[in-house]
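Peer 1: Just model-v9.txt, nothing more (compact mmCIF, C-alpha atoms):
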# COMPACT_ATOMS: atom_id res chain seq x y z
CA MET A 22 24.67 -17.29 14.76
CA ILE A 23 28.46 -17.39 15.00
CA LYS A 24 28.27 -20.81 16.61
CA SER A 25 26.88 -22.44 13.48
CA VAL A 26 29.54 -20.93 11.23
CA LEU A 27 32.41 -21.76 13.56
CA THR A 28 31.12 -25.30 13.85
CA VAL A 29 31.25 -25.63 10.04
CA ALA A 30 34.86 -24.48 10.08
CA ALA A 31 35.74 -26.81 12.91
CA SER A 32 34.27 -29.80 11.10
CA LEU A 33 36.38 -29.07 8.02
CA LEU A 34 39.58 -28.68 9.99
CA LEU A 35 38.94 -31.76 12.07
CA LEU A 36 38.75 -33.86 8.88
CA ALA A 37 42.53 -33.72 8.88
CA GLY A 38 43.40 -33.57 12.52
CA CYS A 39 41.99 -36.39 14.61
CA ALA A 40 43.95 -39.39 13.45
CA GLU A 41 46.75 -41.10 15.29
CA VAL A 42 50.15 -41.23 13.66
CA PRO A 43 50.51 -44.50 11.68
CA GLU A 44 52.82 -47.12 13.19
CA ASN A 45 55.15 -47.17 10.18
CA VAL A 46 55.67 -43.42 10.53
CA ARG A 47 56.45 -43.78 14.24
CA GLU A 48 59.02 -46.41 13.35
CA ARG A 49 60.61 -44.20 10.71
CA ASP A 50 60.80 -41.23 13.07
CA SER A 51 62.31 -43.48 15.76
CA LYS A 52 64.95 -44.75 13.34
CA LEU A 53 65.69 -41.17 12.30
CA GLU A 54 66.23 -40.13 15.92
CA GLN A 55 68.44 -43.15 16.62
CA THR A 56 70.53 -42.44 13.53
CA GLU A 57 70.98 -38.81 14.53
CA GLN A 58 72.20 -39.87 17.97
CA ALA A 59 74.53 -42.55 16.63
CA GLN A 60 76.28 -40.52 13.90
CA ASP A 61 79.24 -38.28 14.57
CA GLN A 62 78.64 -34.60 13.96
CA ILE A 63 79.27 -33.91 10.28
CA GLU A 64 80.38 -30.42 9.24
CA LEU A 65 77.76 -29.31 6.72
CA GLU A 66 78.30 -26.65 4.10
CA ARG A 67 76.98 -23.23 5.02
CA GLY A 68 77.00 -19.93 3.22
CA SER A 69 75.37 -16.60 2.59
CA LEU A 70 72.05 -16.44 0.80
CA ASP A 71 73.86 -15.18 -2.30
CA LEU A 72 76.04 -18.30 -2.24
CA ILE A 73 73.02 -20.54 -1.62
CA ARG A 74 71.18 -19.06 -4.62
CA SER A 75 74.24 -19.29 -6.86
CA ARG A 76 74.48 -23.01 -6.07
CA LEU A 77 70.75 -23.72 -6.16
CA GLU A 78 70.42 -25.09 -9.68
CA GLU A 79 73.55 -27.24 -9.34
CA ASP A 80 72.50 -28.62 -5.93
CA ALA A 81 68.97 -29.40 -7.12
CA SER A 82 70.19 -31.24 -10.23
CA LYS A 83 72.19 -33.78 -8.22
CA LYS A 84 70.92 -37.07 -6.87
CA TYR A 85 71.51 -37.69 -3.17
CA GLY A 86 71.32 -41.44 -2.84
CA THR A 87 67.64 -42.09 -3.52
CA ILE A 88 66.63 -38.43 -3.03
CA THR A 89 65.81 -36.07 -5.92
CA VAL A 90 64.34 -32.55 -6.26
CA ASP A 91 62.32 -31.13 -9.17
CA HIS A 92 62.14 -27.43 -8.27
CA ALA A 93 64.07 -25.29 -5.77
CA SER A 94 63.92 -21.67 -4.59
CA ALA A 95 65.49 -19.50 -1.90
CA GLY A 96 63.76 -16.12 -2.17
CA THR A 97 65.62 -12.85 -2.70
CA ALA A 98 66.41 -11.74 0.87
CA SER A 99 69.98 -10.78 1.78
CA GLU A 100 69.72 -12.46 5.19
CA MET A 101 67.28 -14.59 7.22
CA PRO A 102 68.07 -14.33 10.94
CA VAL A 103 66.06 -16.16 13.60
CA TYR A 104 63.49 -13.78 15.11
CA SER A 105 61.53 -13.65 18.33
CA ILE A 106 57.88 -12.95 17.47
CA GLU A 107 54.38 -12.82 18.95
CA ALA A 108 50.94 -13.30 17.42
CA CYS A 109 49.21 -10.03 16.53
CA GLY A 110 47.11 -8.45 13.81
CA GLY A 111 46.76 -5.27 11.79
CA ASP A 112 44.18 -2.51 11.65
CA TYR A 113 41.73 -4.23 9.31
CA THR A 114 38.03 -4.00 10.15
CA VAL A 115 35.17 -6.36 9.35
CA LYS A 116 33.31 -3.49 7.68
CA GLU A 117 36.14 -3.11 5.16
CA LEU A 118 36.07 -6.84 4.45
CA ALA A 119 32.26 -6.82 4.17
CA ARG A 120 32.33 -3.98 1.65
CA TYR A 121 34.77 -5.95 -0.51
CA LEU A 122 32.74 -9.17 -0.36
CA TYR A 123 29.12 -7.96 -0.24
CA GLY A 124 29.08 -4.26 -1.11
CA ASP A 125 27.19 -4.79 -4.37
CA ARG A 126 24.43 -6.94 -2.86
CA TYR A 127 23.59 -6.10 0.76
CA ASP A 128 22.86 -3.14 3.01
CA LEU A 129 26.00 -2.93 5.10
CA GLU A 130 24.98 0.30 6.88
CA ASP A 131 22.55 -1.75 8.95
CA GLU A 132 24.41 -2.33 12.23
CA SER A 133 22.34 -5.41 12.97
CA VAL A 134 24.38 -7.42 10.44
CA TYR A 135 27.50 -7.05 12.62
CA GLU A 136 28.46 -8.94 15.76
CA PHE A 137 31.35 -8.44 18.18
CA LEU A 138 32.67 -11.08 20.57
CA PRO A 139 35.34 -9.87 22.99
CA TRP A 140 37.47 -12.57 24.64
CA ASP A 141 40.04 -12.58 27.37
CA TYR A 142 41.90 -15.21 29.37
CA GLU A 143 43.38 -14.53 32.79
CA GLY A 144 44.92 -17.26 34.91
CA SER A 145 42.61 -20.27 34.91
CA GLU A 146 39.37 -18.34 34.46
CA LEU A 147 37.82 -17.63 31.06
CA LYS A 148 36.19 -14.21 31.09
CA LYS A 149 33.57 -13.42 28.48
CA ASN A 150 30.72 -10.98 28.14
CA THR A 151 28.61 -13.16 25.91
CA ASP A 152 26.68 -16.36 26.47
CA LYS A 153 27.68 -17.77 23.08
CA TYR A 154 30.78 -19.62 24.27
CA THR A 155 30.84 -23.29 23.33
CA PRO A 156 33.56 -25.92 23.75
CA GLU A 157 33.68 -26.39 19.95
CA ILE A 158 34.87 -22.81 19.44
CA ASP A 159 37.84 -23.45 21.67
CA LEU A 160 39.13 -26.12 19.28
CA LEU A 161 39.55 -23.76 16.35
CA PRO A 162 43.14 -22.88 15.42
CA HIS A 163 42.45 -19.17 15.16
CA GLY A 164 43.18 -18.45 18.81
CA VAL A 165 39.79 -17.63 20.30
CA TYR A 166 41.26 -15.71 23.23
CA CYS A 167 41.16 -12.56 21.14
CA ASP A 168 38.48 -10.24 19.82
CA VAL A 169 36.31 -11.39 16.90
CA TRP A 170 34.28 -9.12 14.64
CA SER A 171 31.72 -10.75 12.34
CA CYS A 172 29.33 -9.75 9.57
CA TYR A 173 26.20 -11.74 8.63
CA PRO A 174 24.61 -9.85 5.70
CA ALA A 175 22.22 -12.63 4.60
CA GLU A 176 19.83 -15.14 6.13
CA ASP A 177 22.31 -17.87 5.26
CA SER A 178 24.73 -17.76 8.21
CA THR A 179 27.48 -19.41 6.14
CA CYS A 180 27.54 -16.27 3.98
CA SER A 181 29.60 -14.38 6.52
CA ALA A 182 32.96 -12.72 7.22
CA HIS A 183 35.09 -12.75 10.39
CA VAL A 184 38.09 -10.66 11.42
CA PHE A 185 40.21 -11.55 14.47
CA SER A 186 42.54 -9.32 16.44
CA ASP A 187 45.34 -11.87 16.03
CA GLY A 188 45.46 -11.29 12.25
CA SER A 189 43.11 -14.12 11.27
CA CYS A 190 40.18 -13.62 8.94
CA TRP A 191 37.92 -16.05 7.14
CA GLY A 192 34.53 -16.31 5.52
CA SER A 193 32.53 -16.82 2.35
CA GLN A 194 31.33 -14.39 -0.31
CA THR A 195 28.61 -16.75 -1.51
CA GLY A 196 27.59 -18.92 1.41
CA LEU A 197 28.27 -22.64 1.47
CA SER A 198 24.75 -24.08 1.61
CA LYS A 199 24.09 -23.29 -2.08
CA TYR A 200 26.65 -25.95 -3.00
CA GLY A 201 25.21 -28.59 -0.69
CA ASN A 202 26.96 -31.92 -0.90
CA ASP A 203 29.42 -30.60 -3.49
CA TYR A 204 31.12 -28.41 -0.91
CA ASP A 205 31.33 -31.13 1.73
CA ALA A 206 32.30 -33.87 -0.70
CA MET A 207 35.08 -31.95 -2.39
CA TRP A 208 37.15 -32.07 0.81
CA LEU A 209 37.31 -35.82 0.33
CA GLY A 210 37.07 -35.61 -3.44
CA SER A 211 39.58 -36.24 -6.16
CA ILE A 212 42.19 -33.91 -7.58
CA LYS A 213 42.24 -33.76 -11.36
CA GLU A 214 45.73 -32.26 -11.26
CA HIS A 215 47.73 -29.57 -9.51
CA TRP A 216 49.83 -26.66 -10.68
CA TYR A 217 52.66 -24.52 -9.31
CA PRO A 218 52.27 -21.09 -10.98
CA GLU A 219 55.87 -20.19 -10.06
CA TYR A 220 57.30 -23.21 -11.92
CA ASP A 221 54.65 -24.39 -14.41
CA ASP A 222 53.39 -22.83 -17.63
CA ILE A 223 49.68 -22.26 -16.92
CA SER A 224 48.95 -19.93 -19.86
CA ALA A 225 46.80 -22.52 -21.68
CA VAL A 226 45.17 -24.14 -18.63
CA SER A 227 41.40 -23.66 -18.23
CA TYR A 228 38.56 -25.60 -16.58
CA LYS A 229 34.78 -25.53 -16.44
CA MET A 230 33.66 -24.39 -13.04
CA TYR A 231 30.65 -25.58 -11.00
CA ASP A 232 28.14 -23.86 -13.31
CA GLY A 233 29.91 -24.87 -16.55
CA THR A 234 31.60 -21.49 -17.12
CA GLU A 235 35.21 -21.70 -18.34
CA TRP A 236 37.80 -19.97 -16.15
CA ALA A 237 41.40 -19.70 -17.30
CA LEU A 238 43.73 -20.66 -14.47
CA GLU A 239 46.00 -17.68 -15.13
CA ASP A 240 43.04 -15.32 -14.65
CA ALA A 241 41.92 -17.22 -11.55
CA VAL A 242 45.37 -16.84 -9.98
CA SER A 243 45.31 -13.08 -10.63
CA PHE A 244 41.80 -12.81 -9.16
CA THR A 245 42.88 -14.63 -6.00
CA GLU A 246 46.09 -12.70 -5.47
CA GLU A 247 44.11 -9.45 -5.80
CA LEU A 248 41.92 -10.40 -2.80
CA TRP A 249 44.88 -11.33 -0.63
CA ASN A 250 47.11 -8.37 -1.52
CA SER A 251 44.48 -5.64 -1.65
CA GLU A 252 42.32 -6.75 1.31
CA LEU A 253 43.36 -9.61 3.58
CA SER A 254 46.92 -8.32 3.91
CA LYS A 255 45.50 -5.31 5.75
CA ASN A 256 45.11 -7.56 8.81
CA ASP A 257 48.89 -8.04 8.97
CA PRO A 258 51.03 -5.72 11.11
CA GLN A 259 53.66 -5.41 8.38
CA LYS A 260 53.75 -5.43 4.58
CA TYR A 261 53.69 -8.78 2.77
CA LYS A 262 53.20 -9.84 -0.82
CA TYR A 263 50.89 -12.85 -1.16
CA LYS A 264 51.04 -15.27 -4.07
CA VAL A 265 49.34 -18.48 -5.13
CA ARG A 266 51.85 -21.19 -4.38
CA ARG A 267 49.89 -24.21 -5.57
CA VAL A 268 46.51 -24.79 -7.22
CA GLU A 269 44.51 -27.97 -6.81
CA VAL A 270 41.96 -28.59 -9.57
CA VAL A 271 39.14 -30.31 -7.69
CA GLU A 272 36.64 -32.49 -9.54
CA LEU A 273 33.12 -31.93 -8.20
CA PRO A 274 31.04 -35.07 -7.65
CA SER A 275 27.65 -33.84 -8.82
CA ASN A 276 28.39 -32.75 -12.39
CA ASN A 277 32.03 -33.64 -13.13
CA ASN A 278 32.91 -29.96 -13.40
CA TYR A 279 35.67 -28.37 -11.34
CA GLY A 280 36.69 -25.87 -8.72
CA TYR A 281 40.03 -24.27 -7.85
CA LEU A 282 41.62 -24.61 -4.42
CA PHE A 283 44.41 -22.05 -4.03
CA MET A 284 47.14 -22.63 -1.45
CA MET A 285 48.86 -19.34 -0.61
CA SER A 286 52.28 -18.24 0.61
CA TYR A 287 53.85 -14.82 1.04
CA GLU A 288 57.09 -12.86 1.07
CA ASP A 289 58.19 -9.91 3.20
CA GLU A 290 59.63 -6.68 1.83
CA GLN A 291 63.15 -8.12 2.11
CA GLY A 292 62.21 -11.02 -0.19
CA ALA A 293 62.14 -13.82 2.41
CA CYS A 294 59.62 -16.63 1.79
CA TYR A 295 57.15 -17.73 4.49
CA ASP A 296 56.03 -21.35 4.43
CA CYS A 297 52.31 -21.89 4.96
CA ASP A 298 50.94 -25.35 4.43
CA SER A 299 48.81 -28.10 5.88
CA TYR A 300 50.74 -28.44 9.14
CA ASP A 301 48.22 -25.79 10.23
CA ASP A 302 46.49 -28.82 11.74
CA PHE A 303 47.99 -28.63 15.22
CA ALA A 304 47.56 -32.36 15.80
CA LEU A 305 50.40 -33.01 13.34
CA MET A 306 52.84 -31.47 15.83
CA GLU A 307 51.14 -32.75 18.97
CA SER A 308 53.72 -35.41 19.88
CA ARG A 309 56.59 -32.92 19.58
CA ALA A 310 54.65 -30.45 21.73
CA TYR A 311 54.13 -32.98 24.52
CA GLU A 312 57.77 -34.10 24.34
CA GLY A 313 58.94 -30.53 24.91
CA LYS A 314 60.48 -30.23 21.43
CA ARG A 315 60.25 -27.27 19.11
CA PHE A 316 57.20 -27.59 16.87
CA PHE A 317 55.53 -25.71 14.03
CA ILE A 318 52.59 -23.35 14.38
CA GLY A 319 50.85 -23.38 11.02
CA GLN A 320 49.35 -20.43 9.19
CA SER A 321 46.74 -21.98 6.96
CA LEU A 322 46.22 -19.69 3.97
CA TRP A 323 43.83 -20.90 1.30
CA GLN A 324 40.94 -19.92 -0.92
CA LEU A 325 38.33 -22.03 -2.68
CA SER A 326 36.49 -20.81 -5.79
CA LEU A 327 33.78 -23.00 -7.34
CA ARG A 328 32.55 -20.32 -9.75
CA LYS A 329 34.38 -17.80 -11.91
CA ASP A 330 35.31 -14.56 -10.12
CA GLU A 331 33.74 -15.80 -6.90
CA ILE A 332 35.16 -16.48 -3.44
CA THR A 333 33.44 -19.59 -2.13
CA ARG A 334 35.55 -19.72 1.02
CA PHE A 335 38.84 -18.27 2.27
CA ASP A 336 40.85 -18.82 5.42
CA LYS A 337 43.78 -16.76 6.71
CA HIS A 338 45.25 -17.71 10.06
CA PHE A 339 47.04 -15.46 12.52
CA SER A 340 49.82 -12.99 11.77
CA PHE A 341 52.68 -11.83 14.01
CA CYS A 342 54.86 -8.93 15.13
CA ILE A 343 58.65 -9.29 15.01
CA LYS A 344 60.23 -8.43 18.36
CA GLU A 345 63.99 -8.91 17.87
CA ALA A 346 66.63 -10.84 15.95
CA LEU A 347 68.04 -13.78 17.95
CA SER A 348 70.94 -14.73 15.66
CA ASN A 349 73.65 -12.77 13.89
CA ASP A 350 75.15 -15.58 11.79
CA SER A 351 74.16 -14.95 8.16
CA ARG A 352 75.41 -18.36 7.01
CA LEU A 353 72.73 -20.99 6.50
CA LEU A 354 72.80 -24.57 5.25
CA THR A 355 72.99 -24.81 1.47
CA LEU A 356 70.42 -26.91 -0.37
CA GLY A 357 73.09 -29.50 -1.03
CA ALA A 358 73.92 -29.66 2.68
CA ALA A 359 70.26 -30.07 3.64
CA LEU A 360 69.82 -32.89 1.13
CA THR A 361 73.06 -34.51 2.29
CA GLU A 362 71.74 -34.40 5.84
CA LEU A 363 68.56 -36.15 4.73
CA GLN A 364 70.60 -38.71 2.84
CA ASN A 365 72.89 -39.38 5.81
CA LYS A 366 70.16 -39.70 8.39
CA LEU A 367 67.46 -41.59 6.50
CA ALA A 368 67.56 -45.26 5.64
CA GLU A 369 69.07 -45.89 2.20
CA ASN A 370 65.99 -47.74 0.96
CA ILE A 371 63.68 -44.73 1.35
CA ASN A 372 62.97 -43.23 -2.08
CA LEU A 373 62.17 -39.54 -1.80
CA ALA A 374 61.28 -37.67 -5.00
CA PHE A 375 60.56 -34.12 -3.88
CA GLU A 376 58.52 -31.82 -6.07
CA THR A 377 59.75 -28.69 -4.32
CA ALA A 378 62.59 -27.61 -2.04
CA GLU A 379 62.18 -24.08 -0.69
CA LEU A 380 64.12 -22.05 1.86
CA CYS A 381 61.41 -20.32 3.88
CA TYR A 382 60.57 -19.04 7.33
CA ILE A 383 58.34 -21.16 9.58
CA VAL A 384 56.67 -20.03 12.81
CA THR A 385 57.78 -22.31 15.67
CA CYS A 386 56.96 -22.72 19.34
CA ASP A 387 60.01 -23.55 21.45
CA LYS A 388 57.97 -25.30 24.11
CA TYR A 389 54.29 -25.85 24.68
CA PRO A 390 53.21 -24.53 28.07
CA ASP A 391 51.61 -26.94 30.52
CA LYS A 392 48.14 -25.57 31.07
CA ASP A 393 45.12 -27.03 32.81
CA TYR A 394 42.57 -26.94 30.02
CA GLY A 395 38.99 -27.69 30.94
CA GLY A 396 40.02 -29.91 33.86
CA THR A 397 42.62 -31.91 31.90
CA VAL A 398 46.03 -31.17 30.49
CA LYS A 399 45.64 -31.36 26.73
CA TYR A 400 46.88 -29.63 23.63
CA SER A 401 45.01 -26.45 22.73
CA PRO A 402 45.85 -24.16 19.81
CA SER A 403 44.41 -21.28 21.80
CA PHE A 404 46.93 -21.80 24.58
CA ALA A 405 49.69 -22.23 22.03
CA LEU A 406 48.94 -18.91 20.32
CA LYS A 407 48.74 -17.05 23.61
CA TYR A 408 51.46 -18.68 25.72
CA CYS A 409 54.08 -20.19 23.41
CA THR A 410 57.50 -18.63 23.10
CA PHE A 411 57.51 -18.05 19.34
CA GLN A 412 60.37 -17.95 16.91
CA LEU A 413 60.56 -17.34 13.19
CA ARG A 414 63.15 -19.81 11.84
CA PRO A 415 64.51 -20.54 8.34
CA TYR A 416 63.91 -24.11 7.12
CA TRP A 417 64.50 -26.03 3.94
CA CYS A 418 60.99 -27.30 3.18
CA PHE A 419 60.74 -30.48 1.08
CA ARG A 420 57.41 -31.72 -0.30
CA ARG A 421 56.66 -34.94 -2.12
CA THR A 422 52.86 -34.61 -2.00
CA ASN A 423 50.62 -34.68 -5.06
CA GLY A 424 48.21 -32.29 -3.42
CA PHE A 425 46.44 -31.02 -0.33
CA ILE A 426 43.41 -33.29 -0.59
CA ASP A 427 44.32 -36.19 -2.85
CA ASN A 428 46.47 -39.13 -1.79
CA TRP A 429 46.02 -37.96 1.80
CA SER A 430 47.29 -41.13 3.45
CA ASN A 431 50.63 -40.90 1.61
CA THR A 432 51.45 -37.23 2.07
CA GLU A 433 54.84 -36.68 3.66
CA ASN A 434 56.86 -33.51 4.09
CA TYR A 435 60.41 -33.12 5.39
CA TYR A 436 61.94 -30.01 6.90
CA VAL A 437 65.59 -29.26 7.68
CA ASP A 438 66.39 -26.41 10.06
CA ALA A 439 68.76 -24.21 8.03
CA VAL A 440 70.52 -23.13 11.25
CA THR A 441 70.85 -26.35 13.27
CA GLY A 442 70.34 -29.08 10.64
CA GLU A 443 67.57 -30.73 12.69
CA ILE A 444 65.18 -32.81 10.54
CA VAL A 445 61.42 -32.68 11.09
CA HIS A 446 59.23 -35.28 9.38
CA ILE A 447 55.48 -34.77 9.01
CA LYS A 448 53.16 -37.54 7.89
CA LEU A 449 49.54 -36.71 7.13
CA GLY A 450 46.79 -39.28 7.01
CA LEU A 451 43.39 -40.39 8.19
Once you've parsed the file, please lay out its structure as structure tokens.

Peer 2:
Amino acid sequence: MIKSVLTVAASLLLLAGCAEVPENVRERDSKLEQTEQAQDQIELERGSLDLIRSRLEEDASKKYGTITVDHASAGTASEMPVYSIEACGGDYTVKELARYLYGDRYDLEDESVYEFLPWDYEGSELKKNTDKYTPEIDLLPHGVYCDVWSCYPAEDSTCSAHVFSDGSCWGSQTGLSKYGNDYDAMWLGSIKEHWYPEYDDISAVSYKMYDGTEWALEDAVSFTEELWNSELSKNDPQKYKYKVRRVEVVELPSNNNYGYLFMMSYEDEQGACYDCDSYDDFALMESRAYEGKRFFIGQSLWQLSLRKDEITRFDKHFSFCIKEALSNDSRLLTLGAALTELQNKLAENINLAFETAELCYIVTCDKYPDKDYGGTVKYSPSFALKYCTFQLRPYWCFRRTNGFIDNWSNTENYYVDAVTGEIVHIKLGL
């Protein structure tokens, strides 16, 4: 039963992850690396987070060659050191999640609706006490070498919930088969528009959902944040506050009505932002992994709702435990310094109009371990989650995308390490 659901998830994730990097992007990245090597080291402005925030509006209002920024933020934390971390989860149980999703409809006292798959990996031998292992499961970015608890309360196996010991959890309150081609097609469908609740006035925004019912976007955001803060956050080992970072209004092909796709982010109790976006597709970082460079480990956090007050599908990737601080320097690159670095090290004829510039933490792997995976050496997110040396690093995150789904072939993000000044360029595309 779990095989069919995991295969659905894998097919969705692989929509974004199997393409080779376009040649023009390889050329741009090569030029960027050559420029970095050729230029003398430039002393960039650094400061405390208080200084960075005091300069934020001024820095964002300037034009840096052909580079501009619409919105900028830097959280409320007093410091953002580099941390050593490891993947881990909280004390959340699948029965708690099932009660939240299905408590009003199904008999959850029946133990037959639950399934437990324990996993372990030792040396080169996969040990499992179930015969349900398939190669497809090993491609999922949840880290399958951990325990998985599942609940299947209905005959429709896509109406299910899953909780992982690494902090991941995902599932559907409604099942996916009821939406048929609408659910599959929307992942390649068109975006009517997108909204940033933190920056945009959404008080008058409302759309007709799949069944024609109006749902005010402001109410939809509150509904979504309630799920993440009251339930899914329980599978984190420490306290976070989740918020809707961006909303894609997805036009459905069958009836020209709409659904909401919520892209999430979160803050810790100190007020530091954590960046979670579509680099959750490990293939985007594959070349850096093989070259032995530091690369990002994405935490995909999203929710889809096609009907009012309904959770069509949600996906929360792993969480982590902080081990120790690795840096004591509280001075980070200012926004102006990060933009100056982009200006200095990118060709002058590249026009970059960024919608957002945010100072946030990103989970990184310092080096991907060389592992013999299924007889060949290849990239595996499972190995990465279990064997990478992880860090939590502050980056300036620049996005010029119009959305998560639309304009896929032209989506580009830039990241500047707020400690070292290193630039990372990610190009998405099929």

Peer 1: How far is it from atom CA of A:Ser198 to atom CA of A:Asp330, in Å with one decimal?

Peer 2: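 It comes out at 18.4 Å.
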
Peer 1: How close does stretch 252-286 of chain A get to stretch 293-297 of chain A? List, as a Markdown table, each residue of stretch 252-286 of chain A within 9 Å, its nearest atom pair and the distance in Å to one decimal, counting all atoms listed in the file.

Peer 2:
| residue | atom | partner | partner_atom | distance |
| --- | --- | --- | --- | --- |
| A:Met284 | CA | A:Cys297 | CA | 8.3 |
| A:Met285 | CA | A:Cys297 | CA | 7.0 |
| A:Ser286 | CA | A:Cys297 | CA | 5.7 |

Peer 1: So, with all atoms listed in the file as the atoms that count, which of A:Gly233, A:Gly292, A:Pro415, A:Gly192 lies closest to A:Gln324?

Peer 2: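 Of A:Gly233, A:Gly292, A:Pro415, A:Gly192, the one nearest A:Gln324 is A:Gly192, counting all atoms listed in the file.
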
Peer 1: Measuring between all atoms listed in the file, which one of A:Asp257, A:Ala237, A:Ser308, A:Leu327 shows the shortest distance to A:Glu272?

Peer 2: A:Leu327

Peer 1: Atom CA of A:Cys381 to atom CA of A:Trp417: how many Å, to one decimal?

Peer 2: 6.5 Å
